[in-house]
Structure formats: structure tokens, C-alpha cells
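Below is one structure, written out as C-alpha cells, with a few remarks after it.
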Amino acid sequence: MGENDRAPDAIPRIPGFEPAATPIVSLGLGLAGILLRVRPRLAPLPLALTAVAALLCRDPERATPDDADALFAPADGVAHGTNELYEHRFLHTDAVQLAINVSPFDVAVQRSPASGTIDYLEHHPADLRPLRTPRDAVRHAERLFLGISTAWGPLLLIITARLPGQHIAPLVRLGDRVHAGQRLTRVRFGSCVELLAPRDLIEWQPAPGARLRAGVSLIGQVVLL
């Protein structure tokens with residue numbers, strides 16, 4: 001199983017939020033309580049900052065439908081439609097790519113689109129050289145490639161950070177067995193998530209502009225040959 005299934009979190013977890021939210025919320029509420037006694041007018045400020053911080057740390061539990069031939073959204077965000085290309089890292093074949101735009105206020109956790117085994121994991125740290133063009137911001141961003149072998153074929157996830165200094169945190173390791181909807185990675189403040197599958201393997205369903213929920217939204221069905 002993945003790291004997030006192997007052991008309980010060391011920090012107590014507030015339901016619906018990742019463990020990092022616990023000390024933030026506790027500190028914010030404590031500071032607000034102190035200000036209510038000494039400077040009541042300032043009390044809303046830590047409450048507002050705490051609410052924003054908690055919003056960025058959302059991590060709700062979700063029930064993924066039980067369908068072995070279905071493909072579920074790997075991230076919360078907006079679908080940008082599909083594109084065809086040749087994938088050389090893990091699929092080694094012509095592929096269809098679905099891109100999802102994850103905003104800074106979407107849930108920052110990416111989930112497995114199907115059940116399988118993590119058979120490819122490649123982490124590219126951010127390139128800190130000065131940017132010369134706007135396109136360099138994408139080329140230099142931190143990026144994670146994650147390949148999943150399923151019962152019906154391989155899938156590749158590409159998670160790309162949006163801003164300098166963003167960190168992509170893998171929640172699984174090479175060789176882990178994962179189930180559909182399981183947490184795979186976490187990246188705060190927005191990202192681009194791309195899902196690639198061999199061409200003609202999946203009948204894709206989301207229309208461009210569709211809002212997706214990781215581990216819940218059905219985005220494709222395996223084509224049975």
C-alpha cells in the first residue's frame with residue numbers, strides 16, 4: 001500500500017484537512033482568543049489568515065466508485081481537453097493526454113485514477129536558473145512523472161508545479177500497490193496535472209472546461225477489445 005496507508009499520521013488530523021492544518025488552526029484560534037481579551041478589533045485578522053491557511057490544506061475523504069474498468073480524475077480542477085502525442089518515458093507508444101488545471105484554491109492532493117502498481121517514478125527538481133521567457137517558467141518548474149501499471153494497461157501522470165519554490169510531495173514509493181482514488185502526491189498553490197494513456201485504450205468523457213473532482217469524477221472507460 002502507499003505511504004498514506006501504511007501508518008497513521010503523527011500529528012492529530014482535523015477531519016477534512018491534512019495534518020499540517022492542525023497546528024495552523026490551533027495557533028490561529030489561540031491567537032484570536034488572546035486578541036479578543038487585549039485587542040478585540042484585531043481578532044478577525046488571525047481568524048481570516050487561519051481560514052485561508054485551512055482552505056489551502058483541505059484533504060477530504062472521498063469514496064471512489066467500485067469500477068475496475070473506469071478511469072477517475074487524478075486531480076481537482078478544470079479539464080483542458082485531450083491531445084495526442086508519442087509518450088517515450090513509460091508508455092512507449094502513441095498516447096492520449098488529458099490536462100487538468102489545478103488552481104491555488106483547489107484541493108492540493110492528487111489521487112490514483114485506477115488501481116495498479118507504481119512502476120515508474122521520476123522527480124525533476126526546479127531549475128533555479130534565471131528565466132528568459134515566460135515559457136521557461138514551465139520548463140524550469142518542479143515536475144514529477146508517475147507511472148502506474150494497471151490490469152488493462154499502463155498510465156502516466158505528470159504533475160507540474162506552477163510557481164518557483166513549490167514542492168511536489170510524493171505520498172507513494174516505487175513498487176507500491178495503489179487503489180483507485182488513493183492519494184499519490186500533494187502540491188499546494190496550484191499545478192498542472194496531465195494523465196496519459198495508450199491511444200485507443202480509453203474512451204474519454206470529460207468535455208473541455210468540465211470541473212473535476214479527484215477520485216470521484218469519471219473521465220474515461222476502458223475500451224474492451
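Chains: A, B, ... in order of the C-alpha cells. Residues: from 1 per chain. Ligands: from 1, in order shown.
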Non-local contacts of region 107-122 of chain A (9 Å; only C-alpha atoms; under 5 positions in same chain excluded) as a ChimeraX atom specification: /A:55-60,68-77,89-90,102,143-151,154-157,159,172-191,193,195,213-215,219
Could you write out that same residue set with C-alpha atoms as a short mmCIF file (atom, residue, chain, number, x, y, z; two decimals), in the first residue's frame?
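Written output follows (result_15.cif):
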```cif
data_model
loop_
_atom_site.label_atom_id
_atom_site.label_comp_id
_atom_site.auth_asym_id
_atom_site.auth_seq_id
_atom_site.Cartn_x
_atom_site.Cartn_y
_atom_site.Cartn_z
CA LEU A 55 -8.50 26.34 2.79
CA LEU A 56 -5.11 25.55 1.26
CA CYS A 57 -4.77 22.45 3.46
CA ARG A 58 -8.07 20.75 2.60
CA ASP A 59 -7.87 16.99 2.14
CA PRO A 60 -11.37 15.47 2.35
CA ALA A 68 -12.34 -1.80 -12.37
CA ASP A 69 -12.70 -0.62 -15.98
CA ALA A 70 -13.19 3.06 -15.16
CA LEU A 71 -10.70 5.93 -15.12
CA PHE A 72 -11.22 8.61 -12.47
CA ALA A 73 -9.93 12.17 -12.33
CA PRO A 74 -6.46 12.34 -10.76
CA ALA A 75 -6.91 15.94 -9.57
CA ASP A 76 -9.44 18.60 -8.69
CA GLY A 77 -9.60 21.27 -11.37
CA ARG A 89 9.15 7.62 -20.76
CA PHE A 90 6.80 4.88 -19.62
CA VAL A 102 -5.48 22.91 -10.67
CA ARG A 143 7.90 18.09 -12.08
CA LEU A 144 7.01 14.53 -11.11
CA PHE A 145 6.42 11.63 -13.51
CA LEU A 146 4.47 8.72 -12.02
CA GLY A 147 3.73 5.54 -14.00
CA ILE A 148 1.01 3.09 -12.96
CA SER A 149 0.67 -0.43 -14.37
CA THR A 150 -2.99 -1.48 -14.31
CA ALA A 151 -4.67 -4.77 -15.23
CA PRO A 154 -0.11 1.50 -18.34
CA LEU A 155 -0.93 5.08 -17.28
CA LEU A 156 1.40 8.03 -16.78
CA LEU A 157 0.75 11.02 -14.54
CA ILE A 159 2.44 16.75 -12.14
CA VAL A 172 3.83 6.71 -2.59
CA ARG A 173 7.03 4.87 -3.50
CA LEU A 174 8.21 2.80 -6.41
CA GLY A 175 6.66 -0.67 -6.23
CA ASP A 176 3.67 0.37 -4.12
CA ARG A 177 0.31 -1.18 -4.93
CA VAL A 178 -2.35 1.55 -5.12
CA HIS A 179 -6.12 1.52 -5.44
CA ALA A 180 -8.31 3.89 -7.43
CA GLY A 181 -8.76 7.15 -5.53
CA GLN A 182 -5.72 6.67 -3.29
CA ARG A 183 -3.61 9.76 -2.51
CA LEU A 184 -0.47 9.90 -4.67
CA THR A 185 1.04 13.39 -4.38
CA ARG A 186 0.48 16.77 -2.82
CA VAL A 187 1.38 20.19 -4.27
CA ARG A 188 -0.04 23.43 -2.87
CA PHE A 189 -0.78 26.72 -4.68
CA GLY A 190 -1.83 25.20 -8.00
CA SER A 191 -0.39 22.82 -10.56
CA VAL A 193 -1.78 17.55 -13.89
CA LEU A 195 -2.87 11.95 -17.46
CA ARG A 213 -13.03 16.04 -8.50
CA ALA A 214 -10.10 13.72 -7.85
CA GLY A 215 -11.07 10.11 -7.25
CA ILE A 219 -13.19 10.72 -17.02
#
```
In region 3-221 of chain A, DSSP strand (DSSP E) residues written as a ChimeraX atom specification: /A:70-72,77-87,93-102,109-111,116-124,143-149,154-161,169-170,177-178,183-186,191-198,202-204,211-212,218-221
What does the file look like for those residues with C-alpha atoms, as a PDB file, in the first residue's frame?
```
ATOM      1  CA  ALA A  70     -13.194   3.058 -15.158  1.00  0.00           C
ATOM      2  CA  LEU A  71     -10.705   5.926 -15.119  1.00  0.00           C
ATOM      3  CA  PHE A  72     -11.217   8.612 -12.467  1.00  0.00           C
ATOM      4  CA  GLY A  77      -9.602  21.272 -11.374  1.00  0.00           C
ATOM      5  CA  VAL A  78     -10.728  22.140 -14.883  1.00  0.00           C
ATOM      6  CA  ALA A  79     -10.265  19.740 -17.816  1.00  0.00           C
ATOM      7  CA  HIS A  80      -8.494  21.231 -20.826  1.00  0.00           C
ATOM      8  CA  GLY A  81      -9.490  18.515 -23.302  1.00  0.00           C
ATOM      9  CA  THR A  82      -7.366  15.772 -24.854  1.00  0.00           C
ATOM     10  CA  ASN A  83      -4.335  15.777 -27.119  1.00  0.00           C
ATOM     11  CA  GLU A  84      -2.460  13.021 -28.997  1.00  0.00           C
ATOM     12  CA  LEU A  85       1.309  12.563 -28.775  1.00  0.00           C
ATOM     13  CA  TYR A  86       4.018   9.912 -28.520  1.00  0.00           C
ATOM     14  CA  GLU A  87       4.971   9.115 -24.902  1.00  0.00           C
ATOM     15  CA  THR A  93       3.542   4.300 -27.612  1.00  0.00           C
ATOM     16  CA  ASP A  94       1.132   6.788 -29.154  1.00  0.00           C
ATOM     17  CA  ALA A  95      -0.947   8.206 -26.332  1.00  0.00           C
ATOM     18  CA  VAL A  96      -3.871  10.458 -25.491  1.00  0.00           C
ATOM     19  CA  GLN A  97      -3.169  13.175 -22.937  1.00  0.00           C
ATOM     20  CA  LEU A  98      -5.749  14.839 -20.691  1.00  0.00           C
ATOM     21  CA  ALA A  99      -4.602  18.055 -18.990  1.00  0.00           C
ATOM     22  CA  ILE A 100      -6.187  19.386 -15.789  1.00  0.00           C
ATOM     23  CA  ASN A 101      -5.621  22.913 -14.495  1.00  0.00           C
ATOM     24  CA  VAL A 102      -5.481  22.906 -10.675  1.00  0.00           C
ATOM     25  CA  VAL A 109      -3.923  16.314  -3.312  1.00  0.00           C
ATOM     26  CA  GLN A 110      -3.664  14.177  -6.453  1.00  0.00           C
ATOM     27  CA  ARG A 111      -5.177  10.684  -6.475  1.00  0.00           C
ATOM     28  CA  GLY A 116      -2.397  -0.778 -10.132  1.00  0.00           C
ATOM     29  CA  THR A 117       1.304  -0.721  -9.211  1.00  0.00           C
ATOM     30  CA  ILE A 118       3.705   2.239  -9.171  1.00  0.00           C
ATOM     31  CA  ASP A 119       6.279   1.049 -11.708  1.00  0.00           C
ATOM     32  CA  TYR A 120       7.814   4.399 -12.668  1.00  0.00           C
ATOM     33  CA  LEU A 121       8.757   7.382 -10.531  1.00  0.00           C
ATOM     34  CA  GLU A 122      10.926  10.251 -11.785  1.00  0.00           C
ATOM     35  CA  HIS A 123      11.282  13.511  -9.880  1.00  0.00           C
ATOM     36  CA  HIS A 124      12.708  16.621 -11.571  1.00  0.00           C
ATOM     37  CA  ARG A 143       7.899  18.092 -12.082  1.00  0.00           C
ATOM     38  CA  LEU A 144       7.011  14.530 -11.112  1.00  0.00           C
ATOM     39  CA  PHE A 145       6.420  11.629 -13.515  1.00  0.00           C
ATOM     40  CA  LEU A 146       4.474   8.718 -12.022  1.00  0.00           C
ATOM     41  CA  GLY A 147       3.728   5.541 -14.000  1.00  0.00           C
ATOM     42  CA  ILE A 148       1.014   3.092 -12.961  1.00  0.00           C
ATOM     43  CA  SER A 149       0.668  -0.428 -14.367  1.00  0.00           C
ATOM     44  CA  PRO A 154      -0.113   1.500 -18.336  1.00  0.00           C
ATOM     45  CA  LEU A 155      -0.926   5.076 -17.284  1.00  0.00           C
ATOM     46  CA  LEU A 156       1.396   8.030 -16.784  1.00  0.00           C
ATOM     47  CA  LEU A 157       0.747  11.022 -14.536  1.00  0.00           C
ATOM     48  CA  ILE A 158       2.770  14.208 -14.952  1.00  0.00           C
ATOM     49  CA  ILE A 159       2.437  16.745 -12.135  1.00  0.00           C
ATOM     50  CA  THR A 160       3.993  20.169 -12.793  1.00  0.00           C
ATOM     51  CA  ALA A 161       4.297  22.923 -10.179  1.00  0.00           C
ATOM     52  CA  ALA A 169       5.470  15.756  -2.256  1.00  0.00           C
ATOM     53  CA  PRO A 170       5.119  12.089  -3.337  1.00  0.00           C
ATOM     54  CA  ARG A 177       0.306  -1.185  -4.928  1.00  0.00           C
ATOM     55  CA  VAL A 178      -2.347   1.554  -5.119  1.00  0.00           C
ATOM     56  CA  ARG A 183      -3.607   9.764  -2.512  1.00  0.00           C
ATOM     57  CA  LEU A 184      -0.470   9.901  -4.674  1.00  0.00           C
ATOM     58  CA  THR A 185       1.042  13.386  -4.383  1.00  0.00           C
ATOM     59  CA  ARG A 186       0.484  16.774  -2.817  1.00  0.00           C
ATOM     60  CA  SER A 191      -0.394  22.823 -10.555  1.00  0.00           C
ATOM     61  CA  CYS A 192      -0.912  21.246 -13.944  1.00  0.00           C
ATOM     62  CA  VAL A 193      -1.783  17.551 -13.889  1.00  0.00           C
ATOM     63  CA  GLU A 194      -1.596  15.512 -17.087  1.00  0.00           C
ATOM     64  CA  LEU A 195      -2.868  11.952 -17.457  1.00  0.00           C
ATOM     65  CA  LEU A 196      -1.657   9.886 -20.419  1.00  0.00           C
ATOM     66  CA  ALA A 197      -2.943   6.505 -21.631  1.00  0.00           C
ATOM     67  CA  PRO A 198      -2.198   4.468 -24.768  1.00  0.00           C
ATOM     68  CA  ILE A 202      -9.676   4.686 -23.158  1.00  0.00           C
ATOM     69  CA  GLU A 203     -12.953   6.217 -24.261  1.00  0.00           C
ATOM     70  CA  TRP A 204     -12.530   9.708 -22.824  1.00  0.00           C
ATOM     71  CA  ARG A 211     -14.974  20.692 -13.354  1.00  0.00           C
ATOM     72  CA  LEU A 212     -13.393  17.523 -11.990  1.00  0.00           C
ATOM     73  CA  LEU A 218     -15.454   9.584 -14.155  1.00  0.00           C
ATOM     74  CA  ILE A 219     -13.195  10.716 -17.015  1.00  0.00           C
ATOM     75  CA  GLY A 220     -12.941   7.546 -19.131  1.00  0.00           C
ATOM     76  CA  GLN A 221     -13.888   3.943 -19.664  1.00  0.00           C
TER      77      GLN A 221
END
```
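The space separating CA of Gly33 (chain A) from CA of Ala20 (chain A) comes to 20.8 Å.
Here CA of Ala63 (chain A) stands at a distance of 21.2 Å from CA of Phe105 (chain A).
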